[in-house]
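Q: Just one file: entry_23.pdb, with PDB, C-alpha atoms.
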ATOM      1  CA  MET A1089      -5.609  38.228 -11.750
ATOM      2  CA  SER A1090      -4.898  40.056  -8.484
ATOM      3  CA  GLY A1091      -3.767  36.847  -6.840
ATOM      4  CA  GLY A1092      -1.477  35.796  -9.674
ATOM      5  CA  SER A1093      -1.902  33.354 -12.535
ATOM      6  CA  TYR A1094      -3.216  29.810 -12.452
ATOM      7  CA  PHE A1095      -2.343  27.145 -14.988
ATOM      8  CA  VAL A1096      -5.313  25.740 -16.881
ATOM      9  CA  PRO A1097      -4.383  22.549 -18.771
ATOM     10  CA  ALA A1098      -5.588  21.891 -22.288
ATOM     11  CA  ASN A1099      -8.469  19.508 -22.911
ATOM     12  CA  SER A1100      -7.334  15.970 -22.177
ATOM     13  CA  ARG A1101      -8.668  12.582 -23.199
ATOM     14  CA  TRP A1102      -6.966  10.804 -20.305
ATOM     15  CA  PRO A1103      -9.728  11.231 -17.670
ATOM     16  CA  ILE A1104     -12.406   9.550 -19.777
ATOM     17  CA  LEU A1105     -10.000   6.865 -20.983
ATOM     18  CA  GLY A1106      -8.885   6.257 -17.413
ATOM     19  CA  SER A1107     -12.501   5.883 -16.300
ATOM     20  CA  LEU A1108     -13.209   3.374 -19.052
ATOM     21  CA  ALA A1109     -10.057   1.418 -18.216
ATOM     22  CA  LEU A1110     -10.929   1.310 -14.511
ATOM     23  CA  GLY A1111     -14.478   0.260 -15.360
ATOM     24  CA  ALA A1112     -13.222  -2.593 -17.515
ATOM     25  CA  MET A1113     -10.800  -3.740 -14.813
ATOM     26  CA  MET A1114     -13.446  -3.671 -12.075
ATOM     27  CA  ALA A1115     -15.937  -5.471 -14.305
ATOM     28  CA  GLY A1116     -13.311  -8.132 -14.965
ATOM     29  CA  ILE A1117     -12.686  -8.518 -11.231
ATOM     30  CA  GLY A1118     -16.407  -8.844 -10.523
ATOM     31  CA  ILE A1119     -16.969 -11.432 -13.245
ATOM     32  CA  LYS A1120     -13.913 -13.339 -12.073
ATOM     33  CA  LEU A1121     -15.126 -13.454  -8.462
ATOM     34  CA  VAL A1122     -18.725 -14.391  -9.288
ATOM     35  CA  TYR A1123     -18.403 -16.627 -12.350
ATOM     36  CA  ASN A1124     -14.677 -17.511 -12.275
ATOM     37  CA  THR A1125     -14.287 -16.090 -15.794
ATOM     38  CA  GLY A1126     -13.513 -12.639 -17.127
ATOM     39  CA  ALA A1127      -9.742 -12.902 -16.850
ATOM     40  CA  PRO A1128      -9.174 -11.407 -20.360
ATOM     41  CA  LEU A1129     -11.294  -8.355 -19.489
ATOM     42  CA  LEU A1130      -9.421  -7.977 -16.211
ATOM     43  CA  VAL A1131      -6.036  -8.099 -17.946
ATOM     44  CA  ILE A1132      -7.130  -5.673 -20.675
ATOM     45  CA  GLY A1133      -8.467  -3.253 -18.067
ATOM     46  CA  LEU A1134      -5.313  -3.465 -15.954
ATOM     47  CA  LEU A1135      -3.006  -2.903 -18.928
ATOM     48  CA  SER A1136      -5.209  -0.010 -20.069
ATOM     49  CA  VAL A1137      -4.985   1.621 -16.641
ATOM     50  CA  ILE A1138      -1.193   1.319 -16.694
ATOM     51  CA  CYS A1139      -0.998   2.821 -20.187
ATOM     52  CA  VAL A1140      -3.303   5.724 -19.328
ATOM     53  CA  MET A1141      -1.317   6.473 -16.172
ATOM     54  CA  GLY A1142       1.942   6.423 -18.116
ATOM     55  CA  PHE A1143       0.751   8.797 -20.823
ATOM     56  CA  TRP A1144      -1.024  11.076 -18.344
ATOM     57  CA  PHE A1145       2.050  11.331 -16.131
ATOM     58  CA  ARG A1146       4.128  12.023 -19.250
ATOM     59  CA  ASP A1147       1.980  15.047 -20.013
ATOM     60  CA  VAL A1148       2.230  16.313 -16.431
ATOM     61  CA  ILE A1149       6.029  15.933 -16.513
ATOM     62  CA  HIS A1150       6.230  17.859 -19.798
ATOM     63  CA  GLU A1151       4.101  20.651 -18.323
ATOM     64  CA  SER A1152       6.314  20.839 -15.242
ATOM     65  CA  MET A1153       9.563  20.768 -17.222
ATOM     66  CA  GLY A1154       8.112  23.436 -19.543
ATOM     67  CA  GLY A1155       7.824  25.865 -16.633
ATOM     68  CA  LEU A1156       4.024  26.058 -16.765
ATOM     69  CA  TYR A1157       3.497  25.574 -13.021
ATOM     70  CA  ASP A1158       3.657  28.460 -10.556
ATOM     71  CA  ALA A1159       3.447  28.683  -6.762
ATOM     72  CA  GLN A1160      -0.332  28.365  -6.787
ATOM     73  CA  MET A1161      -0.135  25.157  -8.828
ATOM     74  CA  ASP A1162       2.472  23.822  -6.417
ATOM     75  CA  ARG A1163       0.101  24.447  -3.501
ATOM     76  CA  SER A1164      -2.664  22.710  -5.417
ATOM     77  CA  PHE A1165      -0.498  19.627  -5.907
ATOM     78  CA  ARG A1166       0.439  19.600  -2.220
ATOM     79  CA  TRP A1167      -3.161  19.815  -1.056
ATOM     80  CA  GLY A1168      -4.157  17.114  -3.534
ATOM     81  CA  MET A1169      -1.422  14.756  -2.356
ATOM     82  CA  GLY A1170      -2.233  15.513   1.273
ATOM     83  CA  TRP A1171      -5.906  14.614   0.821
ATOM     84  CA  PHE A1172      -4.959  11.524  -1.145
ATOM     85  CA  ILE A1173      -2.806  10.262   1.723
ATOM     86  CA  PHE A1174      -5.624  11.114   4.142
ATOM     87  CA  SER A1175      -7.941   8.905   2.079
ATOM     88  CA  GLU A1176      -5.340   6.150   2.303
ATOM     89  CA  VAL A1177      -5.220   6.580   6.084
ATOM     90  CA  MET A1178      -8.999   6.120   6.214
ATOM     91  CA  PHE A1179      -8.723   3.106   3.894
ATOM     92  CA  PHE A1180      -6.386   1.251   6.238
ATOM     93  CA  ALA A1181      -8.199   2.572   9.327
ATOM     94  CA  ALA A1182     -11.305   0.692   8.168
ATOM     95  CA  PHE A1183      -9.399  -2.612   8.003
ATOM     96  CA  PHE A1184      -7.600  -2.024  11.300
ATOM     97  CA  GLY A1185     -10.983  -1.133  12.813
ATOM     98  CA  ALA A1186     -12.431  -4.423  11.577
ATOM     99  CA  LEU A1187      -9.476  -6.294  13.084
ATOM    100  CA  PHE A1188      -9.856  -4.578  16.463
ATOM    101  CA  TYR A1189     -13.632  -5.114  16.454
ATOM    102  CA  VAL A1190     -13.244  -8.836  15.832
ATOM    103  CA  ARG A1191     -10.562  -9.247  18.486
ATOM    104  CA  THR A1192     -12.149  -7.003  21.130
ATOM    105  CA  PHE A1193     -15.854  -7.727  20.732
ATOM    106  CA  THR A1194     -16.750 -10.532  18.324
ATOM    107  CA  ILE A1195     -14.464 -13.266  19.651
ATOM    108  CA  PRO A1196     -15.494 -12.730  23.319
ATOM    109  CA  TRP A1197     -19.162 -12.637  22.295
ATOM    110  CA  LEU A1198     -18.826 -15.913  20.428
ATOM    111  CA  GLY A1199     -17.112 -17.314  23.502
ATOM    112  CA  GLY A1200     -20.169 -16.602  25.622
ATOM    113  CA  GLU A1201     -19.439 -13.154  27.055
ATOM    114  CA  GLY A1202     -22.760 -11.375  27.592
ATOM    115  CA  ALA A1203     -24.733 -14.492  26.631
ATOM    116  CA  GLU A1204     -24.057 -17.143  29.257
ATOM    117  CA  GLY A1205     -24.706 -20.668  28.098
ATOM    118  CA  VAL A1206     -25.280 -19.861  24.423
ATOM    119  CA  SER A1207     -21.694 -20.513  23.366
ATOM    120  CA  ALA A1208     -21.551 -23.868  25.131
ATOM    121  CA  LEU A1209     -24.795 -24.869  23.477
ATOM    122  CA  LEU A1210     -23.879 -23.833  19.930
ATOM    123  CA  TRP A1211     -20.104 -24.434  19.845
ATOM    124  CA  PRO A1212     -18.991 -26.520  22.827
ATOM    125  CA  GLU A1213     -15.465 -26.962  21.438
ATOM    126  CA  PHE A1214     -14.921 -23.286  20.603
ATOM    127  CA  VAL A1215     -11.996 -21.524  22.331
ATOM    128  CA  PRO A1216     -12.306 -17.691  22.254
ATOM    129  CA  GLN A1217      -8.716 -16.684  21.643
ATOM    130  CA  TRP A1218      -6.680 -14.760  19.100
ATOM    131  CA  PRO A1219      -5.254 -15.883  16.732
ATOM    132  CA  LEU A1220      -8.426 -17.843  16.061
ATOM    133  CA  LEU A1221      -7.118 -21.329  15.273
ATOM    134  CA  ASN A1222     -10.414 -23.039  16.026
ATOM    135  CA  PRO A1223     -13.318 -21.296  14.205
ATOM    136  CA  PRO A1224     -16.767 -22.018  15.659
ATOM    137  CA  ASP A1225     -18.043 -23.269  12.281
ATOM    138  CA  ALA A1226     -16.765 -26.822  11.880
ATOM    139  CA  SER A1227     -16.863 -26.482   8.095
ATOM    140  CA  VAL A1228     -14.150 -23.791   8.262
ATOM    141  CA  ALA A1229     -10.630 -25.055   8.849
ATOM    142  CA  GLY A1230      -8.523 -22.577  10.770
ATOM    143  CA  PRO A1231      -4.756 -22.253  10.349
ATOM    144  CA  SER A1232      -2.609 -24.902  11.970
ATOM    145  CA  SER A1233      -0.322 -22.240  13.471
ATOM    146  CA  VAL A1234       0.738 -18.648  12.928
ATOM    147  CA  LEU A1235       3.880 -17.057  11.546
ATOM    148  CA  SER A1236       6.565 -16.017  13.999
ATOM    149  CA  PRO A1237       6.948 -12.220  13.985
ATOM    150  CA  TRP A1238      10.662 -12.517  14.731
ATOM    151  CA  GLN A1239      11.640 -14.088  11.429
ATOM    152  CA  LEU A1240      10.549 -12.827   7.988
ATOM    153  CA  PRO A1241       8.177 -10.140   9.351
ATOM    154  CA  LEU A1242      10.978  -8.671  11.464
ATOM    155  CA  VAL A1243      13.337  -8.712   8.484
ATOM    156  CA  ASN A1244      10.766  -6.881   6.384
ATOM    157  CA  THR A1245      10.241  -4.354   9.170
ATOM    158  CA  LEU A1246      13.951  -3.600   9.289
ATOM    159  CA  ILE A1247      14.014  -3.314   5.501
ATOM    160  CA  LEU A1248      11.178  -0.785   5.375
ATOM    161  CA  VAL A1249      12.501   1.292   8.281
ATOM    162  CA  THR A1250      15.899   1.364   6.587
ATOM    163  CA  SER A1251      14.296   2.346   3.283
ATOM    164  CA  SER A1252      12.696   5.386   4.938
ATOM    165  CA  ILE A1253      16.135   6.437   6.152
ATOM    166  CA  THR A1254      17.781   5.993   2.740
ATOM    167  CA  LEU A1255      14.935   7.880   1.053
ATOM    168  CA  THR A1256      15.279  10.754   3.521
ATOM    169  CA  VAL A1257      19.009  10.936   2.770
ATOM    170  CA  ALA A1258      18.235  11.003  -0.964
ATOM    171  CA  HIS A1259      15.691  13.795  -0.481
ATOM    172  CA  GLU A1260      18.053  15.900   1.600
ATOM    173  CA  ALA A1261      20.802  15.371  -0.978
ATOM    174  CA  LEU A1262      18.486  16.612  -3.734
ATOM    175  CA  LYS A1263      17.607  19.719  -1.724
ATOM    176  CA  LEU A1264      21.324  20.437  -1.324
ATOM    177  CA  GLY A1265      22.013  19.882  -5.027
ATOM    178  CA  TYR A1266      23.979  16.637  -4.659
ATOM    179  CA  ARG A1267      22.317  14.804  -7.530
ATOM    180  CA  GLN A1268      24.682  11.828  -7.668
ATOM    181  CA  THR A1269      24.257  11.208  -3.940
ATOM    182  CA  CYS A1270      20.507  11.466  -4.368
ATOM    183  CA  ARG A1271      20.602   8.985  -7.240
ATOM    184  CA  ASN A1272      22.637   6.436  -5.294
ATOM    185  CA  TRP A1273      20.537   6.547  -2.122
ATOM    186  CA  LEU A1274      17.310   6.505  -4.104
ATOM    187  CA  ALA A1275      18.516   3.445  -6.014
ATOM    188  CA  GLY A1276      19.195   1.789  -2.661
ATOM    189  CA  THR A1277      15.639   2.597  -1.558
ATOM    190  CA  VAL A1278      14.195   1.015  -4.707
ATOM    191  CA  LEU A1279      16.324  -2.076  -4.103
ATOM    192  CA  LEU A1280      15.051  -2.336  -0.529
ATOM    193  CA  GLY A1281      11.476  -2.068  -1.790
ATOM    194  CA  ILE A1282      12.077  -4.937  -4.208
ATOM    195  CA  CYS A1283      13.581  -7.013  -1.384
ATOM    196  CA  PHE A1284      10.494  -6.398   0.748
ATOM    197  CA  ILE A1285       8.191  -7.566  -2.058
ATOM    198  CA  LEU A1286      10.216 -10.729  -2.641
ATOM    199  CA  ILE A1287      10.324 -11.593   1.066
ATOM    200  CA  GLN A1288       6.576 -10.979   1.319
ATOM    201  CA  GLY A1289       6.093 -13.454  -1.514
ATOM    202  CA  VAL A1290       8.157 -16.053   0.356
ATOM    203  CA  GLU A1291       6.113 -15.390   3.492
ATOM    204  CA  TYR A1292       2.855 -15.901   1.605
ATOM    205  CA  TYR A1293       4.141 -19.195   0.214
ATOM    206  CA  GLU A1294       5.056 -20.353   3.710
ATOM    207  CA  ALA A1295       1.706 -19.220   5.100
ATOM    208  CA  TYR A1296      -0.276 -21.098   2.456
ATOM    209  CA  HIS A1297       1.709 -24.315   2.291
ATOM    210  CA  HIS A1298       3.118 -24.778   5.790
ATOM    211  CA  TYR A1299       0.835 -22.918   8.193
ATOM    212  CA  GLY A1300      -2.578 -23.345   6.596
ATOM    213  CA  ILE A1301      -3.135 -19.575   6.552
ATOM    214  CA  THR A1302      -5.380 -18.990   3.546
ATOM    215  CA  LEU A1303      -8.280 -16.702   2.677
ATOM    216  CA  GLU A1304     -10.583 -19.586   3.636
ATOM    217  CA  ALA A1305      -8.970 -20.108   7.057
ATOM    218  CA  GLY A1306     -11.588 -18.226   9.031
ATOM    219  CA  ILE A1307     -11.454 -14.610  10.160
ATOM    220  CA  PHE A1308      -7.729 -14.751  10.919
ATOM    221  CA  GLY A1309      -6.803 -15.734   7.367
ATOM    222  CA  ALA A1310      -9.163 -13.120   5.907
ATOM    223  CA  THR A1311      -7.875 -10.226   8.014
ATOM    224  CA  PHE A1312      -4.255 -11.314   7.573
ATOM    225  CA  PHE A1313      -4.373 -11.301   3.789
ATOM    226  CA  ILE A1314      -6.613  -8.242   3.496
ATOM    227  CA  LEU A1315      -4.265  -6.117   5.605
ATOM    228  CA  THR A1316      -0.908  -7.452   4.440
ATOM    229  CA  GLY A1317      -2.116  -7.896   0.848
ATOM    230  CA  PHE A1318      -3.309  -4.316   0.409
ATOM    231  CA  HIS A1319      -0.154  -3.081   2.086
ATOM    232  CA  GLY A1320       1.951  -5.217  -0.259
ATOM    233  CA  LEU A1321       0.089  -3.687  -3.210
ATOM    234  CA  HIS A1322       0.948  -0.230  -1.884
ATOM    235  CA  VAL A1323       4.606  -1.224  -1.566
ATOM    236  CA  ILE A1324       4.604  -2.393  -5.195
ATOM    237  CA  ILE A1325       3.030   0.896  -6.309
ATOM    238  CA  GLY A1326       5.450   2.888  -4.150
ATOM    239  CA  THR A1327       8.439   1.006  -5.541
ATOM    240  CA  LEU A1328       7.281   1.739  -9.095
ATOM    241  CA  ILE A1329       6.851   5.417  -8.209
ATOM    242  CA  LEU A1330      10.335   5.613  -6.694
ATOM    243  CA  ALA A1331      11.775   3.805  -9.716
ATOM    244  CA  SER A1332      10.205   6.420 -11.993
ATOM    245  CA  MET A1333      11.681   9.142  -9.763
ATOM    246  CA  LEU A1334      15.076   7.465 -10.137
ATOM    247  CA  VAL A1335      14.749   7.542 -13.917
ATOM    248  CA  ARG A1336      13.845  11.233 -13.770
ATOM    249  CA  ILE A1337      16.835  11.978 -11.523
ATOM    250  CA  ILE A1338      19.133  10.217 -13.998
ATOM    251  CA  LYS A1339      17.607  12.274 -16.836
ATOM    252  CA  GLY A1340      18.349  15.507 -14.985
ATOM    253  CA  HIS A1341      14.834  16.360 -13.856
ATOM    254  CA  PHE A1342      14.073  18.268 -10.647
ATOM    255  CA  ALA A1343      15.905  21.132  -9.027
ATOM    256  CA  SER A1344      16.852  21.740  -5.414
ATOM    257  CA  ASP A1345      13.899  24.124  -5.023
ATOM    258  CA  HIS A1346      11.461  22.555  -7.512
ATOM    259  CA  HIS A1347      10.874  18.833  -7.009
ATOM    260  CA  PHE A1348       7.423  18.221  -5.568
ATOM    261  CA  GLY A1349       7.013  15.059  -7.658
ATOM    262  CA  PHE A1350       9.961  13.596  -5.758
ATOM    263  CA  GLU A1351       8.705  14.952  -2.441
ATOM    264  CA  ALA A1352       5.235  13.499  -2.989
ATOM    265  CA  SER A1353       6.739  10.062  -3.613
ATOM    266  CA  CYS A1354       8.580  10.419  -0.281
ATOM    267  CA  TRP A1355       5.318  11.242   1.503
ATOM    268  CA  TYR A1356       3.699   8.168   0.024
ATOM    269  CA  TRP A1357       6.602   5.859   0.913
ATOM    270  CA  HIS A1358       6.828   7.076   4.503
ATOM    271  CA  PHE A1359       3.068   6.524   4.877
ATOM    272  CA  VAL A1360       3.455   2.950   3.618
ATOM    273  CA  ASP A1361       6.257   2.392   6.124
ATOM    274  CA  VAL A1362       4.152   3.661   9.039
ATOM    275  CA  VAL A1363       1.289   1.352   8.041
ATOM    276  CA  TRP A1364       3.660  -1.606   8.072
ATOM    277  CA  VAL A1365       4.835  -0.789  11.596
ATOM    278  CA  GLY A1366       1.173  -0.923  12.659
ATOM    279  CA  LEU A1367       0.738  -4.231  10.842
ATOM    280  CA  PHE A1368       3.832  -5.707  12.452
ATOM    281  CA  ILE A1369       2.607  -4.765  15.933
ATOM    282  CA  PHE A1370      -1.081  -5.645  15.686
ATOM    283  CA  VAL A1371      -1.101  -8.479  13.123
ATOM    284  CA  TYR A1372       2.134 -10.324  13.833
ATOM    285  CA  VAL A1373       3.190  -9.531  17.424
ATOM    286  CA  PHE A1374      -0.052  -9.059  19.409
TER     287      PHE A1374
END
Please render this file's structure as C-alpha cells.
A:
Amino acid sequence: MSGGSYFVPANSRWPILGSLALGAMMAGIGIKLVYNTGAPLLVIGLLSVICVMGFWFRDVIHESMGGLYDAQMDRSFRWGMGWFIFSEVMFFAAFFGALFYVRTFTIPWLGGEGAEGVSALLWPEFVPQWPLLNPPDASVAGPSSVLSPWQLPLVNTLILVTSSITLTVAHEALKLGYRQTCRNWLAGTVLLGICFILIQGVEYYEAYHHYGITLEAGIFGATFFILTGFHGLHVIIGTLILASMLVRIIKGHFASDHHFGFEASCWYWHFVDVVWVGLFIFVYVF
C-alpha cells in the first residue's frame, strides 16, 4: 500500500463472547433490581466479562510484543483511547448536569419560585436549600447531616492528586529508560489507588450509618452515590489497569519509545483524578 501497511488481526472469538458475557451481566442486574433475584446470573456474567477481558488483552499484548504493530496501528490506538475518554467525559457530564439542574432549577421551583403560593400549599414545611435535608415528600427521609469535605474527602483528594504526580514521574522515567525508577513510582501509584478505595469504603460506611445518607435519602443521596459511586468504580478499574502495567514493567515489557499501553493507562488515571476534583468541589464543598 502507498501509505504503508496496516495490521489486520486474525479472526477472534472474543468479541462475541464479550457481548454474551455483558448481556448476561446486564440481564442479571435487571432481574436483581426488578425481582430481587438473578444474583447467580449477575456473578456469572461479571466473571465471564473479566475472563474475556483478560484473554483478549493477552492476545493484544502478544501481538504488540511480536512487533506486529506499526505507526498506523499506534495512531489507531491513540484515536480509539481518545474517543473512549471523550465518551467518559460525556458520561460524567450527564450526571454533573443532573446535579446542577436540580440545584439551580428544581429546588427553587419546588420552593415556590415562579409559582407563588403553590409551594406553601403543597409543602408548607419545605425549605428550598442544598443539601436537601428536608425533602418535600414526607415519606422520604432526608439525611440527618452531610459529610464534612475537610476530613476524608480532603484526604482522598490529596491522595489522588499525589497519585497523578507519582504516575507522571513513572511515565517520564520510562521514557528516559529508567525502568526500576518507573517500577517503584508506579507501585506507589497503585498503592495510593488502593488507599483511595479503602477510604471511600470507610466514607460510605459513615454516610450510611451515621449521617443517614443512603440511596433512599431523597435527591441528595441519589446524586451523591451516583456520582461518587461511578467514580469509585472508575478508580477500581484504573487501579487494576495500573497494576497490570506494573506487572508488565516487571516482566520487561515496553520500551522508551514504544509503550502506548502504559501511556493510555496514564491518560485514564489523570481523567479519573480530574473528575474527582470536580466531585470534591461541587458535591462536597459547595
Q: When distances are computed from all atoms listed in the file, which of A:Leu1108, A:Met1153, A:Met1113, A:Val1360 shows the smallest separation from Gly1340 in chain A?
A: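 Residue with the minimum atom-to-atom distance to Gly1340 in chain A: A:Met1153.
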Q: What does the PyMOL selection byres ((chain A and resi 1358) around 12) select in this file, as a VMD selection string?
A: chain A and resid 1173 1248 to 1256 1277 1322 to 1323 1326 to 1327 1330 1351 to 1357 1359 to 1365
Q: Between CA of Ile1301 in chain A and CA of Leu1240 in chain A, what distance in Å does the model show, to one decimal?
A: 15.3 Å
Q: Please report the interatomic distance between CA of Gly1170 in chain A and CA of His1346 in chain A in Å with one decimal.
A: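 Interatomic distance, CA of Gly1170 in chain A to CA of His1346 in chain A: 17.7 Å.
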Q: Determine the residue set returned by the PyMOL selection byres ((chain A and resi 1317) around 12) for the present structure, and present it as a list in words.
A: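 Selection result, ordered by chain and number: Phe1180, Phe1183, Ile1285, Gln1288, Gly1289, Glu1291, Tyr1292, Thr1302, Leu1303, Gly1309, Ala1310, Thr1311, Phe1312, Phe1313, Ile1314, Leu1315, Thr1316, Phe1318, His1319, Gly1320, Leu1321, His1322, Val1323, Ile1324, Trp1364 and Leu1367 of chain A.
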Q: What separation in Å, quoted to one decimal, exists between CA of Met1161 in chain A and CA of Pro1103 in chain A?
A: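 Those two atoms sit 19.1 Å apart.
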Q: Have a look at A:Gly1142, A:Gly1199, A:Pro1219, A:Gly1276 and name the one nearest to Ala1305 in chain A; count only C-alpha atoms.
A: A:Pro1219
Q: Name every residue that the PyMOL selection byres ((chain A and resi 1136) around 12) selects in this structure, writing the answer as a ChimeraX atom specification with chains first and numbers rising.
A: /A:1102,1104-1113,1129-1135,1137-1144
Q: Which residue out of A:Ile1369, A:Ser1236, A:Val1243, A:Phe1348 has the minimum interatomic distance to Asp1158 in chain A when all atoms listed in the file are used?
A: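 The closest residue to Asp1158 in chain A is A:Phe1348.
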Q: Between A:Val1215, A:Leu1235, A:Leu1221, A:Val1371, which residue has the minimum interatomic distance to Tyr1296 in chain A, considering all atoms listed in the file?
A: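 Once distances to Tyr1296 in chain A are computed over all atoms listed in the file, the minimum belongs to A:Leu1235.
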Q: Choose the residue, out of A:Tyr1372, A:Gly1300, A:Ala1186, A:Gly1168, that has the smallest atom-to-atom separation from Pro1241 in chain A; count all atoms listed in the file.
A: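 Of all the options, A:Tyr1372 lies closest to Pro1241 in chain A.
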Q: Nearest to Phe1095 in chain A among A:Cys1270, A:Val1177, A:Ile1307, A:Ala1159, with distances taken over all atoms listed in the file: which residue is it?
A: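 Looking only at the distances to Phe1095 in chain A, the closest residue turns out to be A:Ala1159.
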